[in-house]
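Enquirer: Please find one structure pasted underneath; my questions will follow.
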Amino acid sequence: MIKNVLKYLFTILLIPLTVFLGVALFPERSYAIISIAVVFLACVPFFLSFERKNSSTRRIVLLAVMTAFSVAGRFIFAPIPFFKPVTAIVIISGMYFGSEFGFLTGTLTALISNFYFGQGPWTPFQMFSWGIIGFIAGIIANPLIKSKLLLAVYGALSGVAYSLMMDVWTTIWSDGAFNPLRFYGAVISALPITLQYYVISNIIFLLIFTPLFSKKIERLKNKYGI
């Protein structure tokens, strides 16, 4: 019970609060400090979920593997703007390994891949956006695993949610505070990209990757008791 309370406290309250306070209180160059703080806070629920030593070690290895897949996918599809498998892999991580695992996969993917794509004040927002998508996927894992339709719908909604959360960063970065009018303008201007790339790419990658990953993941979970 206490572990669950701490998990939601860190993920839903402390991490977004850290991101927004960091943007509001610190200058541009401090995004690295905010990113490190987000990773640290994201690790707490993950390590609280550890129960057995062997299982915990294997979970860390699997976390590294899923994060590597996600980062590699972003690299491979770099020539195609906005069309990336990151969200799909983060969702799959949350579905099969739990909400903490999904959040940390999304967080680490953004931080690590941005060493190539470019670090900046947008990095903490990407970390939280992908992280919360993986976290929610872990919470509603059972219906997502059982229904391809629900999985596709969640993938589409995740694309919209990611775009909206990044529009929040665009607004704050432009005005130094949250301006509702600028936010609405950013949402409308980003709508074609959101629908044509984020939504469609998430659905495509989820429908392709989920069958490929699911059997192997379930076999590993059963074999090693994860």
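Labels used: A, B, ... for chains in the order of the structure tokens, numbers from 1 for residues in each chain, and numbers from 1 for ligands as shown.
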I want to know what sits within 9 Å of Thr18 (chain A), based on only C-alpha atoms, with residues of the same chain fewer than 6 positions away left out; could you give that as a ChimeraX atom specification?

Expert: /A:34,37-38

Enquirer: With a cut-off of 12 Å, could you pull out the residues of region 84-200 of chain A touching region 64-76 of chain A and give me the nearest pair of atoms for each, distance in Å to one decimal, using only C-alpha atoms, ordered by chain and ascending number, as a Markdown table?

Expert:
| residue | atom | partner | partner_atom | distance |
| --- | --- | --- | --- | --- |
| A:Lys84 | CA | A:Arg74 | CA | 5.6 |
| A:Pro85 | CA | A:Gly73 | CA | 5.8 |
| A:Val86 | CA | A:Ser70 | CA | 5.1 |
| A:Thr87 | CA | A:Ser70 | CA | 8.2 |
| A:Ala88 | CA | A:Ser70 | CA | 8.6 |
| A:Ile89 | CA | A:Ser70 | CA | 5.9 |
| A:Val90 | CA | A:Ser70 | CA | 7.3 |
| A:Ile91 | CA | A:Ser70 | CA | 10.6 |
| A:Ile92 | CA | A:Met66 | CA | 9.2 |
| A:Ser93 | CA | A:Met66 | CA | 6.9 |
| A:Gly94 | CA | A:Met66 | CA | 10.4 |
| A:Tyr96 | CA | A:Met66 | CA | 11.2 |
| A:Phe97 | CA | A:Met66 | CA | 10.3 |
| A:Phe101 | CA | A:Met66 | CA | 9.6 |
| A:Gly102 | CA | A:Met66 | CA | 9.5 |
| A:Phe103 | CA | A:Thr67 | CA | 10.8 |
| A:Leu104 | CA | A:Thr67 | CA | 8.6 |
| A:Thr105 | CA | A:Thr67 | CA | 5.3 |
| A:Gly106 | CA | A:Thr67 | CA | 7.6 |
| A:Thr107 | CA | A:Thr67 | CA | 9.1 |
| A:Leu108 | CA | A:Thr67 | CA | 6.8 |
| A:Thr109 | CA | A:Val71 | CA | 5.5 |
| A:Ala110 | CA | A:Val71 | CA | 7.9 |
| A:Leu111 | CA | A:Val71 | CA | 9.5 |
| A:Ile112 | CA | A:Val71 | CA | 7.2 |
| A:Ser113 | CA | A:Val71 | CA | 5.5 |
| A:Asn114 | CA | A:Val71 | CA | 9.2 |
| A:Phe115 | CA | A:Val71 | CA | 10.6 |
| A:Tyr116 | CA | A:Phe75 | CA | 8.4 |
| A:Phe117 | CA | A:Phe75 | CA | 8.6 |
| A:Trp130 | CA | A:Ser70 | CA | 11.0 |
| A:Gly131 | CA | A:Thr67 | CA | 11.7 |
| A:Gly134 | CA | A:Thr67 | CA | 11.9 |

Enquirer: With distances taken over only C-alpha atoms, which of A:Ile204, A:Gln119, A:Leu195, A:Phe40 is nearest to Leu164 (chain A)?

Expert: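 Selected residue with least distance to Leu164 (chain A): A:Leu195.
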
Enquirer: Write out as a short mmCIF file (atom, residue, chain, number, x, y, z; two decimals) with N, CA and C atoms, in the first residue's frame all residues of region 26-190 of chain A that backbone DSSP assigns to alpha helix (DSSP H).

Expert:
data_model
loop_
_atom_site.label_atom_id
_atom_site.label_comp_id
_atom_site.auth_asym_id
_atom_site.auth_seq_id
_atom_site.Cartn_x
_atom_site.Cartn_y
_atom_site.Cartn_z
N TYR A 31 18.55 23.12 -17.61
CA TYR A 31 17.71 21.99 -17.99
C TYR A 31 18.39 20.66 -17.67
N ALA A 32 19.73 20.63 -17.67
CA ALA A 32 20.45 19.39 -17.34
C ALA A 32 20.18 18.98 -15.90
N ILE A 33 20.15 19.95 -15.00
CA ILE A 33 19.87 19.67 -13.59
C ILE A 33 18.45 19.13 -13.44
N ILE A 34 17.51 19.74 -14.15
CA ILE A 34 16.12 19.29 -14.10
C ILE A 34 16.01 17.87 -14.62
N SER A 35 16.69 17.57 -15.72
CA SER A 35 16.64 16.23 -16.31
C SER A 35 17.17 15.18 -15.35
N ILE A 36 18.29 15.49 -14.68
CA ILE A 36 18.86 14.55 -13.72
C ILE A 36 17.90 14.34 -12.55
N ALA A 37 17.27 15.43 -12.11
CA ALA A 37 16.30 15.32 -11.01
C ALA A 37 15.11 14.45 -11.40
N VAL A 38 14.65 14.59 -12.64
CA VAL A 38 13.52 13.77 -13.12
C VAL A 38 13.91 12.30 -13.15
N VAL A 39 15.10 12.00 -13.66
CA VAL A 39 15.56 10.60 -13.70
C VAL A 39 15.66 10.03 -12.29
N PHE A 40 16.20 10.80 -11.36
CA PHE A 40 16.33 10.34 -9.99
C PHE A 40 14.96 10.03 -9.38
N LEU A 41 14.01 10.94 -9.56
CA LEU A 41 12.67 10.73 -9.02
C LEU A 41 11.97 9.56 -9.70
N ALA A 42 12.24 9.37 -11.01
CA ALA A 42 11.63 8.26 -11.74
C ALA A 42 12.18 6.92 -11.26
N CYS A 43 13.42 6.91 -10.80
CA CYS A 43 14.05 5.67 -10.34
C CYS A 43 13.47 5.20 -9.00
N VAL A 44 12.98 6.12 -8.19
CA VAL A 44 12.52 5.75 -6.85
C VAL A 44 11.38 4.74 -6.89
N PRO A 45 10.26 5.00 -7.64
CA PRO A 45 9.21 3.98 -7.69
C PRO A 45 9.68 2.67 -8.30
N PHE A 46 10.60 2.74 -9.27
CA PHE A 46 11.11 1.53 -9.92
C PHE A 46 11.84 0.65 -8.91
N PHE A 47 12.71 1.25 -8.11
CA PHE A 47 13.46 0.45 -7.14
C PHE A 47 12.61 0.05 -5.94
N LEU A 48 11.55 0.80 -5.65
CA LEU A 48 10.65 0.39 -4.58
C LEU A 48 9.88 -0.88 -4.95
N LYS A 53 16.09 -10.31 -5.12
CA LYS A 53 17.36 -9.83 -5.68
C LYS A 53 17.54 -10.25 -7.13
N ASN A 54 17.34 -11.54 -7.43
CA ASN A 54 17.56 -12.03 -8.79
C ASN A 54 16.60 -11.38 -9.78
N SER A 55 15.33 -11.31 -9.37
CA SER A 55 14.33 -10.69 -10.24
C SER A 55 14.66 -9.23 -10.49
N SER A 56 15.14 -8.53 -9.46
CA SER A 56 15.47 -7.11 -9.59
C SER A 56 16.59 -6.89 -10.59
N THR A 57 17.62 -7.73 -10.51
CA THR A 57 18.74 -7.61 -11.44
C THR A 57 18.28 -7.81 -12.87
N ARG A 58 17.42 -8.80 -13.08
CA ARG A 58 16.92 -9.07 -14.43
C ARG A 58 16.05 -7.93 -14.93
N ARG A 59 15.28 -7.32 -14.03
CA ARG A 59 14.45 -6.17 -14.44
C ARG A 59 15.33 -5.01 -14.91
N ILE A 60 16.45 -4.80 -14.24
CA ILE A 60 17.36 -3.72 -14.66
C ILE A 60 17.92 -4.01 -16.05
N VAL A 61 18.29 -5.27 -16.28
CA VAL A 61 18.80 -5.66 -17.60
C VAL A 61 17.74 -5.45 -18.67
N LEU A 62 16.50 -5.87 -18.38
CA LEU A 62 15.41 -5.70 -19.34
C LEU A 62 15.10 -4.22 -19.57
N LEU A 63 15.20 -3.42 -18.53
CA LEU A 63 15.00 -1.98 -18.68
C LEU A 63 16.03 -1.41 -19.64
N ALA A 64 17.28 -1.83 -19.49
CA ALA A 64 18.33 -1.36 -20.39
C ALA A 64 18.06 -1.80 -21.82
N VAL A 65 17.57 -3.03 -21.99
CA VAL A 65 17.30 -3.55 -23.33
C VAL A 65 16.15 -2.78 -23.99
N MET A 66 15.04 -2.59 -23.27
CA MET A 66 13.89 -1.89 -23.85
C MET A 66 14.23 -0.43 -24.14
N THR A 67 15.00 0.19 -23.26
CA THR A 67 15.42 1.57 -23.52
C THR A 67 16.32 1.64 -24.75
N ALA A 68 17.21 0.65 -24.90
CA ALA A 68 18.09 0.61 -26.07
C ALA A 68 17.28 0.45 -27.35
N PHE A 69 16.26 -0.42 -27.33
CA PHE A 69 15.38 -0.58 -28.49
C PHE A 69 14.71 0.76 -28.84
N SER A 70 14.22 1.44 -27.82
CA SER A 70 13.51 2.70 -28.04
C SER A 70 14.44 3.78 -28.61
N VAL A 71 15.63 3.89 -28.02
CA VAL A 71 16.61 4.87 -28.49
C VAL A 71 17.04 4.55 -29.92
N ALA A 72 17.31 3.26 -30.18
CA ALA A 72 17.72 2.85 -31.53
C ALA A 72 16.62 3.14 -32.55
N GLY A 73 15.38 2.91 -32.15
CA GLY A 73 14.26 3.20 -33.06
C GLY A 73 14.19 4.67 -33.42
N ARG A 74 14.46 5.51 -32.45
CA ARG A 74 14.45 6.96 -32.74
C ARG A 74 15.60 7.32 -33.68
N PHE A 75 16.76 6.69 -33.50
CA PHE A 75 17.89 6.93 -34.39
C PHE A 75 17.58 6.47 -35.82
N ILE A 76 17.07 5.24 -35.93
CA ILE A 76 16.84 4.64 -37.25
C ILE A 76 15.85 5.46 -38.07
N VAL A 86 9.15 5.36 -30.74
CA VAL A 86 9.45 5.52 -29.31
C VAL A 86 8.21 5.30 -28.45
N THR A 87 7.13 6.00 -28.76
CA THR A 87 5.93 5.90 -27.94
C THR A 87 5.42 4.47 -27.89
N ALA A 88 5.45 3.77 -29.02
CA ALA A 88 4.97 2.38 -29.07
C ALA A 88 5.80 1.49 -28.15
N ILE A 89 7.11 1.63 -28.18
CA ILE A 89 7.97 0.78 -27.34
C ILE A 89 7.80 1.12 -25.87
N VAL A 90 7.61 2.39 -25.57
CA VAL A 90 7.37 2.80 -24.18
C VAL A 90 6.05 2.21 -23.68
N ILE A 91 5.02 2.23 -24.52
CA ILE A 91 3.73 1.65 -24.15
C ILE A 91 3.87 0.15 -23.90
N ILE A 92 4.56 -0.54 -24.79
CA ILE A 92 4.77 -1.98 -24.64
C ILE A 92 5.53 -2.28 -23.34
N SER A 93 6.52 -1.46 -23.02
CA SER A 93 7.28 -1.64 -21.78
C SER A 93 6.36 -1.54 -20.57
N GLY A 94 5.50 -0.52 -20.56
CA GLY A 94 4.57 -0.37 -19.44
C GLY A 94 3.57 -1.50 -19.36
N MET A 95 3.07 -1.95 -20.54
CA MET A 95 2.07 -3.02 -20.58
C MET A 95 2.58 -4.31 -19.97
N TYR A 96 3.79 -4.69 -20.31
CA TYR A 96 4.29 -6.02 -19.94
C TYR A 96 5.18 -6.03 -18.70
N PHE A 97 5.70 -4.88 -18.29
CA PHE A 97 6.60 -4.87 -17.14
C PHE A 97 6.15 -3.97 -16.01
N SER A 99 3.95 -0.16 -14.60
CA SER A 99 3.91 1.28 -14.81
C SER A 99 5.24 1.97 -14.50
N GLU A 100 5.93 1.52 -13.42
CA GLU A 100 7.23 2.14 -13.10
C GLU A 100 8.23 1.90 -14.22
N PHE A 101 8.21 0.68 -14.74
CA PHE A 101 9.11 0.30 -15.84
C PHE A 101 8.82 1.16 -17.06
N GLY A 102 7.53 1.32 -17.39
CA GLY A 102 7.15 2.13 -18.55
C GLY A 102 7.57 3.58 -18.41
N PHE A 103 7.39 4.12 -17.20
CA PHE A 103 7.77 5.52 -16.98
C PHE A 103 9.27 5.71 -17.14
N LEU A 104 10.03 4.82 -16.56
CA LEU A 104 11.49 4.97 -16.62
C LEU A 104 12.02 4.73 -18.03
N THR A 105 11.39 3.82 -18.79
CA THR A 105 11.80 3.61 -20.18
C THR A 105 11.60 4.89 -20.99
N GLY A 106 10.45 5.54 -20.82
CA GLY A 106 10.19 6.79 -21.54
C GLY A 106 11.13 7.90 -21.13
N THR A 107 11.38 8.00 -19.84
CA THR A 107 12.27 9.05 -19.31
C THR A 107 13.69 8.89 -19.83
N LEU A 108 14.22 7.69 -19.72
CA LEU A 108 15.60 7.44 -20.16
C LEU A 108 15.74 7.56 -21.67
N THR A 109 14.72 7.15 -22.41
CA THR A 109 14.78 7.27 -23.87
C THR A 109 14.96 8.71 -24.29
N ALA A 110 14.17 9.61 -23.72
CA ALA A 110 14.28 11.03 -24.07
C ALA A 110 15.65 11.58 -23.71
N LEU A 111 16.11 11.27 -22.50
CA LEU A 111 17.39 11.82 -22.04
C LEU A 111 18.56 11.30 -22.88
N ILE A 112 18.61 9.99 -23.11
CA ILE A 112 19.74 9.40 -23.82
C ILE A 112 19.74 9.76 -25.30
N SER A 113 18.59 9.67 -25.96
CA SER A 113 18.53 9.95 -27.40
C SER A 113 18.78 11.42 -27.70
N ASN A 114 18.51 12.29 -26.75
CA ASN A 114 18.73 13.72 -27.00
C ASN A 114 20.20 14.11 -26.95
N PHE A 115 21.07 13.20 -26.53
CA PHE A 115 22.50 13.47 -26.70
C PHE A 115 22.86 13.49 -28.18
N TYR A 116 22.04 12.84 -28.98
CA TYR A 116 22.21 12.88 -30.44
C TYR A 116 21.32 13.94 -31.07
N PHE A 117 20.06 13.98 -30.68
CA PHE A 117 19.11 14.91 -31.30
C PHE A 117 19.22 16.33 -30.75
N THR A 123 13.88 18.93 -23.11
CA THR A 123 14.18 17.56 -22.70
C THR A 123 13.37 17.10 -21.49
N PRO A 124 13.29 17.88 -20.39
CA PRO A 124 12.48 17.41 -19.25
C PRO A 124 11.02 17.20 -19.62
N PHE A 125 10.48 18.02 -20.53
CA PHE A 125 9.09 17.85 -20.96
C PHE A 125 8.92 16.56 -21.76
N GLN A 126 9.89 16.26 -22.63
CA GLN A 126 9.83 15.00 -23.36
C GLN A 126 9.96 13.82 -22.41
N MET A 127 10.83 13.93 -21.43
CA MET A 127 11.01 12.86 -20.46
C MET A 127 9.71 12.57 -19.73
N PHE A 128 9.05 13.63 -19.25
CA PHE A 128 7.80 13.42 -18.53
C PHE A 128 6.69 12.93 -19.46
N SER A 129 6.62 13.48 -20.67
CA SER A 129 5.55 13.12 -21.60
C SER A 129 5.61 11.64 -21.95
N TRP A 130 6.78 11.16 -22.39
CA TRP A 130 6.90 9.74 -22.72
C TRP A 130 6.77 8.88 -21.46
N GLY A 131 7.29 9.39 -20.35
CA GLY A 131 7.21 8.62 -19.11
C GLY A 131 5.78 8.38 -18.66
N ILE A 132 4.96 9.42 -18.66
CA ILE A 132 3.58 9.28 -18.17
C ILE A 132 2.76 8.40 -19.11
N ILE A 133 3.08 8.41 -20.40
CA ILE A 133 2.40 7.53 -21.35
C ILE A 133 2.69 6.07 -21.00
N GLY A 134 3.95 5.75 -20.70
CA GLY A 134 4.31 4.40 -20.29
C GLY A 134 3.72 4.03 -18.95
N PHE A 135 3.63 4.99 -18.05
CA PHE A 135 3.08 4.76 -16.72
C PHE A 135 1.61 4.38 -16.80
N ILE A 136 0.84 5.14 -17.57
CA ILE A 136 -0.59 4.85 -17.72
C ILE A 136 -0.80 3.52 -18.43
N ALA A 137 0.06 3.22 -19.40
CA ALA A 137 -0.04 1.93 -20.10
C ALA A 137 0.10 0.77 -19.12
N GLY A 138 0.94 0.93 -18.11
CA GLY A 138 1.09 -0.11 -17.10
C GLY A 138 -0.15 -0.26 -16.24
N ILE A 139 -0.81 0.84 -15.95
CA ILE A 139 -2.01 0.81 -15.12
C ILE A 139 -3.15 0.09 -15.82
N ALA A 141 -2.89 -2.08 -18.34
CA ALA A 141 -2.24 -3.09 -19.18
C ALA A 141 -3.18 -4.21 -19.63
N ASN A 142 -4.00 -4.73 -18.73
CA ASN A 142 -4.84 -5.89 -19.07
C ASN A 142 -5.77 -5.64 -20.26
N PRO A 143 -6.55 -4.56 -20.26
CA PRO A 143 -7.39 -4.32 -21.44
C PRO A 143 -6.60 -4.03 -22.70
N LEU A 144 -5.45 -3.40 -22.57
CA LEU A 144 -4.63 -3.11 -23.76
C LEU A 144 -4.08 -4.40 -24.37
N ILE A 145 -3.68 -5.33 -23.52
CA ILE A 145 -3.14 -6.60 -24.01
C ILE A 145 -4.22 -7.45 -24.68
N LYS A 146 -5.44 -7.38 -24.13
CA LYS A 146 -6.53 -8.22 -24.62
C LYS A 146 -7.19 -7.68 -25.90
N LYS A 148 -6.78 -5.35 -29.41
CA LYS A 148 -6.01 -4.56 -30.37
C LYS A 148 -6.66 -3.20 -30.63
N LEU A 149 -7.99 -3.18 -30.58
CA LEU A 149 -8.71 -1.93 -30.81
C LEU A 149 -8.39 -0.91 -29.71
N LEU A 150 -8.46 -1.35 -28.45
CA LEU A 150 -8.14 -0.46 -27.34
C LEU A 150 -6.67 -0.03 -27.39
N LEU A 151 -5.82 -0.95 -27.79
CA LEU A 151 -4.39 -0.62 -27.91
C LEU A 151 -4.18 0.46 -28.96
N ALA A 152 -4.86 0.33 -30.10
CA ALA A 152 -4.76 1.34 -31.15
C ALA A 152 -5.31 2.68 -30.68
N VAL A 153 -6.42 2.63 -29.96
CA VAL A 153 -7.02 3.87 -29.44
C VAL A 153 -6.07 4.54 -28.46
N TYR A 154 -5.47 3.74 -27.57
CA TYR A 154 -4.54 4.32 -26.60
C TYR A 154 -3.32 4.89 -27.31
N GLY A 155 -2.85 4.21 -28.35
CA GLY A 155 -1.74 4.74 -29.13
C GLY A 155 -2.08 6.08 -29.76
N ALA A 156 -3.29 6.19 -30.30
CA ALA A 156 -3.72 7.45 -30.90
C ALA A 156 -3.82 8.55 -29.85
N LEU A 157 -4.43 8.24 -28.70
CA LEU A 157 -4.56 9.23 -27.63
C LEU A 157 -3.20 9.63 -27.07
N SER A 158 -2.27 8.69 -27.06
CA SER A 158 -0.92 9.00 -26.58
C SER A 158 -0.23 9.99 -27.50
N GLY A 159 -0.46 9.85 -28.81
CA GLY A 159 0.10 10.81 -29.76
C GLY A 159 -0.44 12.21 -29.52
N VAL A 160 -1.75 12.29 -29.28
CA VAL A 160 -2.37 13.59 -28.98
C VAL A 160 -1.85 14.15 -27.67
N ALA A 161 -1.76 13.29 -26.64
CA ALA A 161 -1.29 13.73 -25.32
C ALA A 161 0.14 14.23 -25.38
N TYR A 162 1.00 13.51 -26.10
CA TYR A 162 2.39 13.94 -26.23
C TYR A 162 2.47 15.31 -26.88
N SER A 163 1.70 15.50 -27.95
CA SER A 163 1.71 16.78 -28.65
C SER A 163 1.22 17.91 -27.74
N LEU A 164 0.17 17.65 -26.97
CA LEU A 164 -0.38 18.67 -26.07
C LEU A 164 0.63 19.05 -24.99
N MET A 165 1.30 18.05 -24.42
CA MET A 165 2.27 18.34 -23.37
C MET A 165 3.47 19.12 -23.91
N MET A 166 3.87 18.83 -25.14
CA MET A 166 4.97 19.58 -25.72
C MET A 166 4.52 20.99 -26.12
N ASP A 167 3.23 21.16 -26.42
CA ASP A 167 2.70 22.50 -26.68
C ASP A 167 2.72 23.36 -25.42
N VAL A 168 2.59 22.71 -24.27
CA VAL A 168 2.72 23.44 -22.99
C VAL A 168 4.12 24.02 -22.88
N TRP A 169 5.13 23.19 -23.21
CA TRP A 169 6.51 23.70 -23.18
C TRP A 169 6.69 24.84 -24.18
N THR A 170 6.14 24.71 -25.38
CA THR A 170 6.26 25.77 -26.40
C THR A 170 5.69 27.08 -25.88
N THR A 171 4.55 26.99 -25.21
CA THR A 171 3.91 28.20 -24.68
C THR A 171 4.74 28.85 -23.59
N ILE A 172 5.20 28.04 -22.64
CA ILE A 172 6.00 28.58 -21.53
C ILE A 172 7.32 29.15 -22.05
N TRP A 173 7.93 28.47 -23.00
CA TRP A 173 9.20 28.93 -23.56
C TRP A 173 9.03 30.26 -24.30
N SER A 174 7.92 30.43 -24.98
CA SER A 174 7.69 31.64 -25.77
C SER A 174 7.39 32.85 -24.89
N ASP A 175 6.56 32.66 -23.87
CA ASP A 175 6.07 33.79 -23.08
C ASP A 175 6.66 33.87 -21.67
N PRO A 180 -2.82 30.95 -22.25
CA PRO A 180 -3.82 30.09 -22.87
C PRO A 180 -4.01 30.35 -24.36
N LEU A 181 -3.97 31.61 -24.76
CA LEU A 181 -4.19 31.93 -26.18
C LEU A 181 -3.06 31.37 -27.05
N ARG A 182 -1.82 31.53 -26.57
CA ARG A 182 -0.70 30.98 -27.33
C ARG A 182 -0.76 29.45 -27.34
N PHE A 183 -1.19 28.86 -26.23
CA PHE A 183 -1.32 27.41 -26.17
C PHE A 183 -2.34 26.92 -27.20
N TYR A 184 -3.49 27.57 -27.28
CA TYR A 184 -4.49 27.17 -28.27
C TYR A 184 -3.95 27.31 -29.68
N GLY A 185 -3.20 28.40 -29.91
CA GLY A 185 -2.61 28.60 -31.23
C GLY A 185 -1.60 27.52 -31.57
N ALA A 186 -0.79 27.12 -30.56
CA ALA A 186 0.19 26.06 -30.78
C ALA A 186 -0.49 24.73 -31.06
N VAL A 187 -1.58 24.46 -30.36
CA VAL A 187 -2.32 23.22 -30.56
C VAL A 187 -2.89 23.16 -31.97
N ILE A 188 -3.49 24.25 -32.41
CA ILE A 188 -4.11 24.27 -33.74
C ILE A 188 -3.05 24.15 -34.83
N SER A 189 -1.93 24.86 -34.68
CA SER A 189 -0.89 24.81 -35.70
C SER A 189 -0.22 23.43 -35.77
N ALA A 190 -0.19 22.73 -34.63
CA ALA A 190 0.44 21.40 -34.60
C ALA A 190 -0.53 20.28 -34.96
#

Enquirer: May I ask which of the residues A:Ile140, A:Asn222, A:Gly118, A:Pro81 is the closest one to Ser201 (chain A), counting only C-alpha atoms?

Expert: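 Among the listed residues, the smallest separation from Ser201 (chain A) belongs to A:Pro81.
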
Enquirer: Suppose you want the space between CA of Ser214 (chain A) and CA of Gly98 (chain A); what is it in Å?

Expert: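 We find that CA of Ser214 (chain A) and CA of Gly98 (chain A) lie 13.7 Å from each other.
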
Enquirer: To one decimal place, how far is CA of Phe83 (chain A) from CA of Phe205 (chain A) in Å?

Expert: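 Between CA of Phe83 (chain A) and CA of Phe205 (chain A) the gap works out to 9.7 Å.
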